[in-house]
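Note: the block below is query_38.cif and it holds mmCIF, C-alpha atoms.
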data_work
#
loop_
_atom_site.label_atom_id
_atom_site.label_comp_id
_atom_site.auth_asym_id
_atom_site.auth_seq_id
_atom_site.Cartn_x
_atom_site.Cartn_y
_atom_site.Cartn_z
CA SER A 1 42.20 56.84 -84.52
CA GLN A 2 45.20 56.77 -82.23
CA GLN A 3 47.52 59.73 -82.19
CA GLY A 4 50.39 58.04 -80.45
CA GLU A 5 52.47 55.10 -81.43
CA GLU A 6 54.39 53.21 -78.82
CA ASP A 7 57.60 51.40 -79.48
CA PRO A 8 58.26 48.60 -78.85
CA GLN A 9 54.88 46.87 -78.80
CA ALA A 10 56.22 44.30 -76.37
CA LEU A 11 59.22 44.09 -74.08
CA SER A 12 60.54 41.20 -72.00
CA ILE A 13 63.22 41.84 -69.38
CA GLN A 14 64.70 40.32 -66.25
CA GLU A 15 63.92 41.68 -62.83
CA GLY A 16 66.38 44.41 -61.95
CA GLU A 17 66.92 45.55 -65.53
CA ASN A 18 65.71 48.88 -66.91
CA ALA A 19 62.79 49.12 -69.32
CA THR A 20 62.51 51.89 -71.87
CA MET A 21 59.55 52.56 -74.10
CA ASN A 22 58.93 55.33 -76.57
CA CYS A 23 55.89 57.19 -77.75
CA SER A 24 55.46 59.36 -80.83
CA TYR A 25 52.53 61.63 -81.56
CA LYS A 26 51.32 63.80 -84.40
CA THR A 27 49.79 67.08 -83.26
CA SER A 28 50.51 69.78 -80.71
CA ILE A 29 49.68 68.94 -77.12
CA ASN A 30 48.99 70.56 -73.76
CA ASN A 31 50.63 67.72 -71.90
CA LEU A 32 51.45 64.06 -72.21
CA GLN A 33 50.53 61.43 -69.66
CA TRP A 34 51.70 57.88 -69.06
CA TYR A 35 49.43 55.20 -67.68
CA ARG A 36 49.82 51.58 -66.60
CA GLN A 37 47.19 48.90 -67.04
CA ASN A 38 47.30 45.51 -65.41
CA SER A 39 45.56 42.72 -67.28
CA GLY A 40 42.45 44.47 -68.62
CA ARG A 41 41.78 46.50 -65.51
CA GLY A 42 41.54 50.26 -65.08
CA LEU A 43 44.33 52.61 -65.98
CA VAL A 44 46.68 53.82 -63.27
CA HIS A 45 48.14 57.27 -63.78
CA LEU A 46 51.93 57.29 -63.61
CA ILE A 47 53.16 60.72 -64.60
CA LEU A 48 52.11 63.88 -66.42
CA ILE A 49 54.62 66.02 -68.26
CA ARG A 50 53.64 69.45 -69.52
CA SER A 51 54.50 70.58 -73.03
CA ASN A 52 57.06 73.07 -71.67
CA GLU A 53 58.88 70.44 -69.60
CA ARG A 54 61.66 68.24 -70.91
CA GLU A 55 62.11 65.67 -68.16
CA LYS A 56 60.26 64.50 -65.10
CA HIS A 57 60.96 61.92 -62.41
CA SER A 58 58.70 59.99 -60.08
CA GLY A 59 60.30 57.26 -57.99
CA ARG A 60 61.74 54.70 -60.42
CA LEU A 61 60.11 56.41 -63.39
CA ARG A 62 61.75 58.91 -65.69
CA VAL A 63 59.85 60.56 -68.52
CA THR A 64 61.27 62.75 -71.23
CA LEU A 65 59.43 64.88 -73.74
CA ASP A 66 60.79 66.29 -76.99
CA THR A 67 58.11 68.45 -78.55
CA SER A 68 60.27 69.24 -81.59
CA LYS A 69 60.36 65.53 -82.42
CA LYS A 70 56.87 64.93 -81.04
CA SER A 71 58.12 62.06 -78.93
CA SER A 72 58.31 60.94 -75.33
CA SER A 73 60.02 58.12 -73.50
CA LEU A 74 59.32 56.30 -70.26
CA LEU A 75 62.15 54.65 -68.38
CA ILE A 76 61.47 52.25 -65.52
CA THR A 77 64.63 51.59 -63.55
CA ALA A 78 65.38 48.47 -61.51
CA SER A 79 62.24 46.72 -62.73
CA ARG A 80 60.24 44.37 -60.53
CA ALA A 81 57.86 41.54 -61.36
CA ALA A 82 55.03 43.83 -60.23
CA ASP A 83 55.89 46.20 -63.11
CA THR A 84 54.52 43.61 -65.54
CA ALA A 85 51.72 45.49 -67.28
CA SER A 86 50.80 47.42 -70.40
CA TYR A 87 52.00 51.00 -70.55
CA PHE A 88 50.23 53.69 -72.53
CA CYS A 89 51.12 57.21 -73.44
CA ALA A 90 48.27 59.65 -73.93
CA THR A 91 48.35 63.11 -75.39
CA ASP A 92 46.02 65.64 -73.86
CA ARG A 93 44.27 68.35 -75.82
CA GLY A 94 41.49 70.05 -73.94
CA ASN A 95 40.94 67.24 -71.47
CA LYS A 96 40.55 64.72 -74.28
CA LEU A 97 43.13 61.96 -74.10
CA THR A 98 44.32 60.23 -77.25
CA PHE A 99 46.12 56.99 -76.49
CA GLY A 100 48.80 55.07 -78.23
CA GLY A 101 48.60 51.33 -78.77
CA GLY A 102 50.62 50.56 -75.66
CA THR A 103 53.74 48.60 -74.79
CA ARG A 104 53.31 45.25 -73.07
CA VAL A 105 56.08 44.78 -70.53
CA LEU A 106 56.90 41.40 -69.01
CA VAL A 107 59.35 41.39 -66.11
CA LYS A 108 60.63 37.91 -65.43
CA PRO A 109 61.69 37.06 -61.87
CA LYS B 1 39.66 60.22 -51.04
CA ALA B 2 37.74 57.45 -52.69
CA GLY B 3 38.67 56.76 -56.30
CA VAL B 4 36.51 56.68 -59.36
CA THR B 5 33.87 53.98 -59.10
CA GLN B 6 32.01 52.30 -61.91
CA THR B 7 28.98 50.06 -61.82
CA PRO B 8 28.34 47.41 -62.79
CA ARG B 9 31.77 45.81 -63.21
CA TYR B 10 30.54 43.14 -65.59
CA LEU B 11 27.56 43.02 -67.87
CA ILE B 12 26.26 40.56 -70.44
CA LYS B 13 23.66 41.69 -72.94
CA THR B 14 22.28 40.46 -76.22
CA ARG B 15 22.23 42.22 -79.57
CA GLY B 16 19.56 44.86 -79.88
CA GLN B 17 19.31 45.55 -76.16
CA GLN B 18 20.38 48.74 -74.51
CA VAL B 19 22.66 49.27 -71.54
CA THR B 20 23.39 52.00 -69.02
CA LEU B 21 26.73 52.28 -67.25
CA SER B 22 27.36 54.45 -64.24
CA CYS B 23 30.38 56.38 -63.04
CA SER B 24 30.98 58.25 -59.78
CA PRO B 25 33.95 60.62 -59.99
CA ILE B 26 36.42 61.51 -57.29
CA SER B 27 34.89 64.01 -54.90
CA GLY B 28 35.46 67.54 -56.15
CA HIS B 29 36.15 66.51 -59.72
CA ARG B 30 33.89 68.23 -62.20
CA SER B 31 34.85 66.57 -65.46
CA VAL B 32 33.96 63.01 -66.38
CA SER B 33 35.18 61.34 -69.55
CA TRP B 34 34.35 57.96 -71.05
CA TYR B 35 36.60 55.70 -73.07
CA GLN B 36 36.11 52.43 -74.89
CA GLN B 37 38.86 49.83 -74.99
CA THR B 38 38.84 46.96 -77.45
CA PRO B 39 41.65 44.67 -78.63
CA GLY B 40 41.26 45.90 -82.19
CA GLN B 41 40.84 49.66 -81.75
CA GLY B 42 42.61 50.18 -78.46
CA LEU B 43 41.55 53.01 -76.17
CA GLN B 44 39.21 55.49 -77.77
CA PHE B 45 37.62 58.62 -76.38
CA LEU B 46 33.83 58.61 -76.31
CA PHE B 47 32.85 61.91 -74.68
CA GLU B 48 33.50 64.30 -71.84
CA TYR B 49 31.01 65.99 -69.55
CA PHE B 50 31.58 69.09 -67.48
CA SER B 51 28.95 70.86 -65.42
CA GLU B 52 26.22 68.62 -66.86
CA THR B 53 27.15 69.58 -70.44
CA GLN B 54 28.87 67.51 -73.07
CA ARG B 55 32.05 69.40 -73.80
CA ASN B 56 33.88 66.99 -76.10
CA LYS B 57 32.77 64.14 -78.26
CA GLY B 58 34.65 61.35 -79.98
CA ASN B 59 33.90 59.66 -83.26
CA PHE B 60 31.18 57.24 -82.19
CA PRO B 61 27.67 56.73 -83.57
CA GLY B 62 24.65 58.32 -81.94
CA ARG B 63 23.80 55.03 -80.24
CA PHE B 64 26.37 56.07 -77.66
CA SER B 65 25.14 58.81 -75.38
CA GLY B 66 25.77 60.08 -71.92
CA ARG B 67 24.77 62.56 -69.32
CA GLN B 68 26.08 64.12 -66.16
CA PHE B 69 24.13 64.95 -63.06
CA SER B 70 24.47 67.95 -60.76
CA ASN B 71 26.62 65.89 -58.35
CA SER B 72 29.02 65.17 -61.25
CA ARG B 73 28.04 61.51 -61.44
CA SER B 74 27.74 60.36 -65.03
CA GLU B 75 25.99 57.68 -66.98
CA MET B 76 26.55 56.44 -70.48
CA ASN B 77 23.99 54.61 -72.52
CA VAL B 78 24.40 52.39 -75.54
CA SER B 79 21.26 51.57 -77.46
CA THR B 80 20.65 48.81 -79.99
CA LEU B 81 23.74 46.90 -78.94
CA GLU B 82 25.95 45.31 -81.56
CA LEU B 83 28.51 42.55 -81.15
CA GLY B 84 31.26 45.10 -81.77
CA ASP B 85 30.22 47.04 -78.69
CA SER B 86 31.77 44.35 -76.52
CA ALA B 87 34.53 46.21 -74.74
CA LEU B 88 35.91 47.53 -71.51
CA TYR B 89 34.29 50.91 -70.84
CA LEU B 90 36.41 53.19 -68.71
CA CYS B 91 35.38 56.33 -66.94
CA ALA B 92 37.85 59.00 -65.88
CA SER B 93 37.45 62.09 -63.76
CA SER B 94 39.52 65.21 -63.41
CA LEU B 95 39.42 68.55 -61.65
CA ALA B 96 39.12 70.43 -64.94
CA SER B 97 41.01 73.30 -63.37
CA GLY B 98 41.67 74.93 -66.71
CA SER B 99 45.44 74.72 -66.13
CA GLY B 100 45.97 72.53 -69.19
CA ALA B 101 47.56 69.91 -66.97
CA ASP B 102 44.74 68.01 -65.37
CA THR B 103 45.43 64.43 -64.49
CA GLN B 104 42.63 62.07 -65.43
CA TYR B 105 41.96 59.33 -62.90
CA PHE B 106 40.38 56.17 -64.18
CA GLY B 107 37.91 53.80 -62.65
CA PRO B 108 38.21 50.00 -62.84
CA GLY B 109 35.96 49.82 -65.88
CA THR B 110 32.81 47.98 -66.87
CA ARG B 111 33.34 44.87 -68.98
CA LEU B 112 30.44 44.66 -71.44
CA THR B 113 29.89 41.47 -73.41
CA VAL B 114 27.30 41.48 -76.19
CA LEU B 115 26.07 38.06 -77.31
#
Show me this structure written as structure tokens.
Amino acid sequence: SQQGEEDPQALSIQEGENATMNCSYKTSINNLQWYRQNSGRGLVHLILIRSNEREKHSGRLRVTLDTSKKSSSLLITASRAADTASYFCATDRGNKLTFGGGTRVLVKP
Amino acid sequence: KAGVTQTPRYLIKTRGQQVTLSCSPISGHRSVSWYQQTPGQGLQFLFEYFSETQRNKGNFPGRFSGRQFSNSRSEMNVSTLELGDSALYLCASSLASGSGADTQYFGPGTRLTVL
């Protein structure tokens, strides 16, 4: 079963706009990771945020974590057509990742 | 450093057959995990190997098994294939540093089709 739930399931935006997706989970975690997957290929690691961190940045990515609400968000700023992909959050407990259902993002040029 | 590699990339089998998938982790990584991805169930954890021992196991039947060799390379085997085993099988490796914050790096996956 999946621990996380991503919201929204799908997102369509214009190039240059920001994309925000949310992830909720159910149990305590060591850390939470975000991944990107292009069209049924392997997962590309985007960012890891530890349970004692509240916010983390990497390039155009900003991740927040609220452990009291058991939720996380991923913001992609100034989106590009190449950002079109599915995005997954994954909670990590003892090196076992539990994934959400993913958000499909379409960035239109 | 080379990334995680998986072979073969594509595989077609028939029901009842068995299959073996291979994964070579990033050099220096000691943990290898396997995941199954299907449209219906999404990404699900199969098992994790560390130092040639299975350390974690997901909720899959005994037809799914794996092993890890002394060089950290891993194989997973699925016996008596069923149509529902058609999926993308992903392997991931990590340092397993014990820090509680190990990034898992994924390979490109093996696309298994069972006819």
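Checking B:Asn71, B:Ser94, B:Thr103, B:Ser79 one by one against B:Lys13, counting only C-alpha atoms, you find the shortest gap at B:Ser79.
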Residues near B:Gly42, cut-off 8 Å, all atoms listed in the file, skip fewer than 5 positions along chain, as a PyMOL selection string: (chain A and resi 99-101) or (chain B and resi 36-37)
Sorted by chain and rising residue number, which residues of chain B lie within 9 Å of chain A, and what are their closest atom pairs and distances in Å to one decimal, counting only C-alpha atoms, as CSV?
residue,atom,partner,partner_atom,distance
B:Ser31,CA,A:Asn95,CA,8.6
B:Ser33,CA,A:Lys96,CA,7.9
B:Gln41,CA,A:Ser1,CA,7.8
B:Gly42,CA,A:Gly101,CA,6.1
B:Leu43,CA,A:Phe99,CA,6.1
B:Gln44,CA,A:Thr98,CA,7.0
B:Phe45,CA,A:Leu97,CA,6.8
B:Phe47,CA,A:Lys96,CA,8.2
B:Glu48,CA,A:Lys96,CA,7.5
B:Asn56,CA,A:Lys96,CA,7.3
B:Lys57,CA,A:Lys96,CA,8.8
B:Gly58,CA,A:Lys96,CA,8.9
B:Asn59,CA,A:Ser1,CA,8.9
B:Leu88,CA,A:Gly40,CA,7.8
B:Leu90,CA,A:Gly42,CA,6.9
B:Cys91,CA,A:Gly42,CA,8.8
B:Ser94,CA,A:Asn95,CA,8.4
B:Ala96,CA,A:Asn95,CA,7.5
B:Gly98,CA,A:Gly94,CA,8.7
B:Gly100,CA,A:Asn30,CA,5.8
B:Ala101,CA,A:Asn31,CA,6.2
B:Asp102,CA,A:Asn95,CA,7.2
B:Thr103,CA,A:Leu48,CA,7.0
B:Gln104,CA,A:His45,CA,7.5
B:Tyr105,CA,A:His45,CA,6.6
B:Phe106,CA,A:Leu43,CA,5.6
B:Gly107,CA,A:Gly42,CA,5.6
B:Pro108,CA,A:Gly42,CA,4.0
B:Gly109,CA,A:Gly42,CA,5.7
d(atom CA of B:Pro61, atom CA of A:Thr27) in Å: 24.4 Å
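The closest residue to B:Pro39, picked from B:Ser86, B:Gln68, B:Ser51, B:Asn77 and counting only C-alpha atoms, is B:Ser86.
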In the coordinates of the file, take the point (61.5, 70.8, -82.2) and a cut-off of 12 Å; then, counting all atoms listed in the file, name each qualifying protein, DNA or RNA residue as an mmCIF file with C-alpha atoms, in the frame of the given file.
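File produced: part-v6.cif:
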data_model
loop_
_atom_site.group_PDB
_atom_site.id
_atom_site.type_symbol
_atom_site.label_atom_id
_atom_site.label_comp_id
_atom_site.auth_asym_id
_atom_site.auth_seq_id
_atom_site.Cartn_x
_atom_site.Cartn_y
_atom_site.Cartn_z
ATOM 1 C CA SER A 28 50.510 69.780 -80.710
ATOM 2 C CA SER A 51 54.500 70.580 -73.030
ATOM 3 C CA ASN A 52 57.060 73.070 -71.670
ATOM 4 C CA ARG A 54 61.660 68.240 -70.910
ATOM 5 C CA LEU A 65 59.430 64.880 -73.740
ATOM 6 C CA ASP A 66 60.790 66.290 -76.990
ATOM 7 C CA THR A 67 58.110 68.450 -78.550
ATOM 8 C CA SER A 68 60.270 69.240 -81.590
ATOM 9 C CA LYS A 69 60.360 65.530 -82.420
ATOM 10 C CA LYS A 70 56.870 64.930 -81.040
ATOM 11 C CA SER A 71 58.120 62.060 -78.930
#
List the residues selected by the PyMOL selection byres ((chain B and resi 114) around 9) in the file shown, writing them as a CSV table (one decimal) with C-alpha atoms, in the frame of the given file.
chain,number,residue,atom,x,y,z
B,11,LEU,CA,27.6,43.0,-67.9
B,12,ILE,CA,26.3,40.6,-70.4
B,13,LYS,CA,23.7,41.7,-72.9
B,14,THR,CA,22.3,40.5,-76.2
B,15,ARG,CA,22.2,42.2,-79.6
B,17,GLN,CA,19.3,45.6,-76.2
B,81,LEU,CA,23.7,46.9,-78.9
B,82,GLU,CA,26.0,45.3,-81.6
B,83,LEU,CA,28.5,42.6,-81.2
B,84,GLY,CA,31.3,45.1,-81.8
B,85,ASP,CA,30.2,47.0,-78.7
B,86,SER,CA,31.8,44.4,-76.5
B,87,ALA,CA,34.5,46.2,-74.7
B,112,LEU,CA,30.4,44.7,-71.4
B,113,THR,CA,29.9,41.5,-73.4
B,115,LEU,CA,26.1,38.1,-77.3
Shell of 12 Å around A:Gly59, all atoms listed in the file, local chain residues under 4 positions omitted, as a list in words: Leu46, Ile47, Val63, Leu75, Ile76, Thr77, Ala78 and Ser79 of chain A
Keeping C-alpha atoms for every residue in the selection just given, could you write it to a file as a PDB file, keeping the file's coordinate frame?
ATOM      1  CA  LEU A  46      51.930  57.290 -63.610  1.00  0.00           C
ATOM      2  CA  ILE A  47      53.160  60.720 -64.600  1.00  0.00           C
ATOM      3  CA  VAL A  63      59.850  60.560 -68.520  1.00  0.00           C
ATOM      4  CA  LEU A  75      62.150  54.650 -68.380  1.00  0.00           C
ATOM      5  CA  ILE A  76      61.470  52.250 -65.520  1.00  0.00           C
ATOM      6  CA  THR A  77      64.630  51.590 -63.550  1.00  0.00           C
ATOM      7  CA  ALA A  78      65.380  48.470 -61.510  1.00  0.00           C
ATOM      8  CA  SER A  79      62.240  46.720 -62.730  1.00  0.00           C
TER       9      SER A  79
END
Nearest residue to A:Tyr25 from the set A:Val105, A:Lys56, A:Ser73, A:Thr84 (distances using all atoms listed in the file):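 Looking at the shortest contact to A:Tyr25, the residue is A:Ser73.
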